[in-house]
Number of protein chains: 2
Amino acid sequence: MSDFLTLYSPATVANVVCGFDVLGFALEAPYDTMHLRLRDEPGVSIVHEDDFNLPTEPKRNVAGAALLALLRAAPAGTGFEMRIQKAILPGSGIGSSAASAAGAVVGANQLLGNIFTKEELVRFAMFGEEVASGAQHADNIAPAIYGGVTLIRSAEPLDVVPLSAPPLHVTVVHPQIEVRTADARQILKQQVTLKAAIRQWGNVAGLVAGLLQSDYKLIGRSLEDVIVEPVRSILIPGFAAVKARSLEAGALGGGISGSGPSIFMLSETEATAQAVAAAMREVYQQLGVDFHIHVSTINSTGVRFAS
Amino acid sequence: MSDFLTLYSPATVANVVCGFDVLGFALEAPYDTMHLRLRDEPGVSIVHEDDFNLPTEPKRNVAGAALLALLRAAPAGTGFEMRIQKAILPGSGIGSSAASAAGAVVGANQLLGNIFTKEELVRFAMFGEEVASGAQHADNIAPAIYGGVTLIRSAEPLDVVPLSAPPLHVTVVHPQIEVRTADARQILKQQVTLKAAIRQWGNVAGLVAGLLQSDYKLIGRSLEDVIVEPVRSILIPGFAAVKARSLEAGALGGGISGSGPSIFMLSETEATAQAVAAAMREVYQQLGVDFHIHVSTINSTGVRFAS
């Protein structure tokens, strides 16, 4: 594989509590490994080196659809060969599809001599998200490409704002149950009270200020979601216990990752993040639900290339 | 008046576009002038040295009600004598009642040797706002006391977050029409779509990030209100023209100040703020509506004492 470009594309957390649909961040782990190279024929070929049995027809494949979007803006005749080893489980709620799409376009751009901006790459990768979920959302794609914490101030027109943040440790638990994105969407109320909306945007403002000012206490106070979590959390067995036990263990706060079923918690220190992991483990062992746990820092670079 | 403490309490802009009910800032001008001293008898006496014919019975007076709240937490037997020269027109939408309440409690605290925190002073002053409008809101009080830009992350429990901001020039026009706060409240829809709420909190997040990162372009892009302005602006003749002409003149953006009728615009330079003032002047001269215009920077100190 010496003529392939190898890259690692990270898991991401979107819908960060009060920042539903606007705030996301990237994780150091888990990540997908991808290999890309230019090929002589135009178009895209895909080989999966994992056991997820994902489609390989480019327009039906998340990474493939993202590359096809990029190819429409690339020099005529360009073609890519791609091999993918996914480690981020599809359906886990930590941006599995976004990692595929983001990794593909960042790798392709590198092979083409970096002719596209990050914002253009986000737009291409959003076509991959459309294949995965039927909607062109950017809230996982943007942190996978920019790294760190990102704000999607506006989806249309797209406006990505990278936000600086103090060191944060993330504990993610993925209970092995299925929450279909369609169900998670359908359960949302399309109308909210003005009062709840005001509380939510006060918290979003507080969370952004806490991140930019490295104010952990403010981050903690602002991690409150009065709109989405109360309805969506009922789809996730153990949610209330995980949250309560995590806060007892010292977490700043957290909530549903993406549309679930993963739950994430933020902590100021790694020791706390490990204590939170232990609390999560206990909850799901008692419930008899299988689970994966990841303890990670926030990834500040996004997709990175093998050195 | 040599034994009186003299202070200046500033006008404030609340409901900063997308930051409805949560963001406010203080102005350098206009401001009220107040004189306070301790007196031997407990309680509060008030003399108005202006022509607004405001009530002087303490519990019916905004500054008086704020002082009575402070007195409930002060050493027994404390009393204040207060003389007020208001320059901020009541009903203008730039925090006239908040200036009275904030000035009174900040002055009283100084006379008592600063025994209360700023957050306690905000709570006392909120009793003044209740006299003025029937509701204990903090969004004008907080910037009057803290100075600069403030976020009310949460009203209950109260959580005031001061936000740093780059130099900003403010142009405020006060058309001489009456918008009753009760009418401005009644016109608001109590339900909003989730989609509009998400757009609003994306903008609030962008505005906070723009302020803290001194990113004028981001501030400008984020100054969009899809919830309150579309309904409330119909109560203010000339609003659409003022906004359009101000943006043409180079303003970053702006909107209704408080619940109106004043309209404010933010600019990066004083020259632009003056050009905005000229544009506003033309609009109201053509409409034949009397008006006042203030051009000011953001006041970073809040209530200040005469030197």
# chains A, B, ... in the order shown; residues from 1 in each chain; ligands from 1

$ residues_around --residues "stretch 162-169 of chain A" --least-positions-apart "2" --cutoff "8 Å" --atoms "only C-alpha atoms" --output "PDB file with C-alpha atoms, in the first residue's frame"
ATOM      1  CA  TYR A 146     -11.803  21.219  11.211  1.00  0.00           C
ATOM      2  CA  GLY A 148     -11.891  20.736  17.876  1.00  0.00           C
ATOM      3  CA  VAL A 149     -15.292  22.216  18.602  1.00  0.00           C
ATOM      4  CA  THR A 150     -17.255  23.685  15.720  1.00  0.00           C
ATOM      5  CA  LEU A 151     -20.341  25.812  15.480  1.00  0.00           C
ATOM      6  CA  VAL A 160     -18.770  27.009  10.025  1.00  0.00           C
ATOM      7  CA  THR A 171     -16.387   9.654  28.015  1.00  0.00           C
ATOM      8  CA  VAL A 208     -19.818  29.077  23.844  1.00  0.00           C
ATOM      9  CA  LEU A 211     -15.484  27.207  25.950  1.00  0.00           C
ATOM     10  CA  LEU A 212     -13.862  30.389  24.637  1.00  0.00           C
ATOM     11  CA  GLN A 213     -13.078  31.705  28.131  1.00  0.00           C
ATOM     12  CA  SER A 214     -11.914  28.290  29.458  1.00  0.00           C
ATOM     13  CA  LEU A 266     -17.366  15.982  29.448  1.00  0.00           C
ATOM     14  CA  SER A 267     -14.867  16.132  32.310  1.00  0.00           C
ATOM     15  CA  GLU A 268     -12.090  18.482  33.286  1.00  0.00           C
ATOM     16  CA  THR A 269      -9.544  15.730  34.052  1.00  0.00           C
ATOM     17  CA  GLU A 270      -8.778  12.286  32.720  1.00  0.00           C
ATOM     18  CA  ALA A 273     -13.432  10.821  32.747  1.00  0.00           C
ATOM     19  CA  VAL A 295     -12.405   7.719  26.897  1.00  0.00           C
ATOM     20  CA  SER A 296     -10.716  10.357  24.758  1.00  0.00           C
ATOM     21  CA  THR A 297      -9.650  13.964  24.616  1.00  0.00           C
ATOM     22  CA  ILE A 298     -11.053  16.338  22.041  1.00  0.00           C
TER      23      ILE A 298
ATOM     24  CA  ALA B 209     -18.149  33.837  19.541  1.00  0.00           C
TER      25      ALA B 209
END

$ interface_residues --of "chain B" --to "chain A" --cutoff "10 Å" --atoms "only C-alpha atoms" --output "MDAnalysis selection string"
chainID B and resid 18:23 151:156 159:164 188:213 218 221:222 227:228

$ select_by_dssp --residues "stretch 53-178 of chain B" --states "strand (DSSP E)" --output "PyMOL selection string"
chain B and resi 79-85+149-155+158-163+169-175

$ residues_around --residues "stretch 25-31 of chain A" --least-positions-apart "5" --cutoff "9 Å" --atoms "only C-alpha atoms" --output "PyMOL selection string"
chain A and resi 8-14+16+86-88+96+99+139-140+142-151+170+294-303

$ atom_distance --atom1 "atom CA of A:Gly103" --atom2 "atom CA of A:Leu121"
9.9 Å

$ select_by_dssp --residues "stretch 33-205 of chain A" --states "alpha helix (DSSP H)" --output "ChimeraX atom specification"
/A:62-71,96-111,118-133,141-146,181-186,194-205

$ residues_around --residues "A:Ser100" --least-positions-apart "5" --cutoff "9 Å" --atoms "only C-alpha atoms" --output "ChimeraX atom specification"
/A:9,32,34,62-64,66,84,86,95,105,125,128

$ closest_residue --among "B:His48, B:Gln136, B:Val226, B:Val172" --to "B:Lys243" --atoms "only C-alpha atoms"
B:Val172

$ residues_around --residues "B:Thr78" --least-positions-apart "2" --cutoff "8 Å" --atoms "only C-alpha atoms" --output "compact mmCIF listing (two decimals) with C-alpha atoms, in the first residue's frame"
# COMPACT_ATOMS: atom_id res chain seq x y z
CA LEU B 38 -27.07 58.00 54.13
CA ARG B 39 -29.64 59.55 56.47
CA ASP B 40 -30.38 59.03 60.12
CA GLU B 41 -33.93 57.72 59.80
CA PRO B 42 -34.45 54.29 58.28
CA GLY B 43 -36.13 54.06 54.86
CA LEU B 71 -32.49 47.61 52.78
CA ALA B 74 -28.71 45.80 54.97
CA PRO B 75 -27.97 46.59 58.63
CA ALA B 76 -31.16 47.53 60.51
CA PHE B 80 -31.04 56.79 52.19

$ closest_residue --among "B:Val179, B:Ala65, B:Met82, B:Leu70" --to "B:Ala132" --atoms "only C-alpha atoms"
B:Ala65

$ atom_distance --atom1 "atom CA of A:Ala102" --atom2 "atom CA of A:Ala69"
12.1 Å

$ closest_residue --among "A:Arg37, A:Arg245, A:His174, A:Arg185" --to "A:Phe291" --atoms "only C-alpha atoms"
A:His174

$ atom_distance --atom1 "atom CA of A:Ile94" --atom2 "atom CA of A:Gly79"
29.3 Å
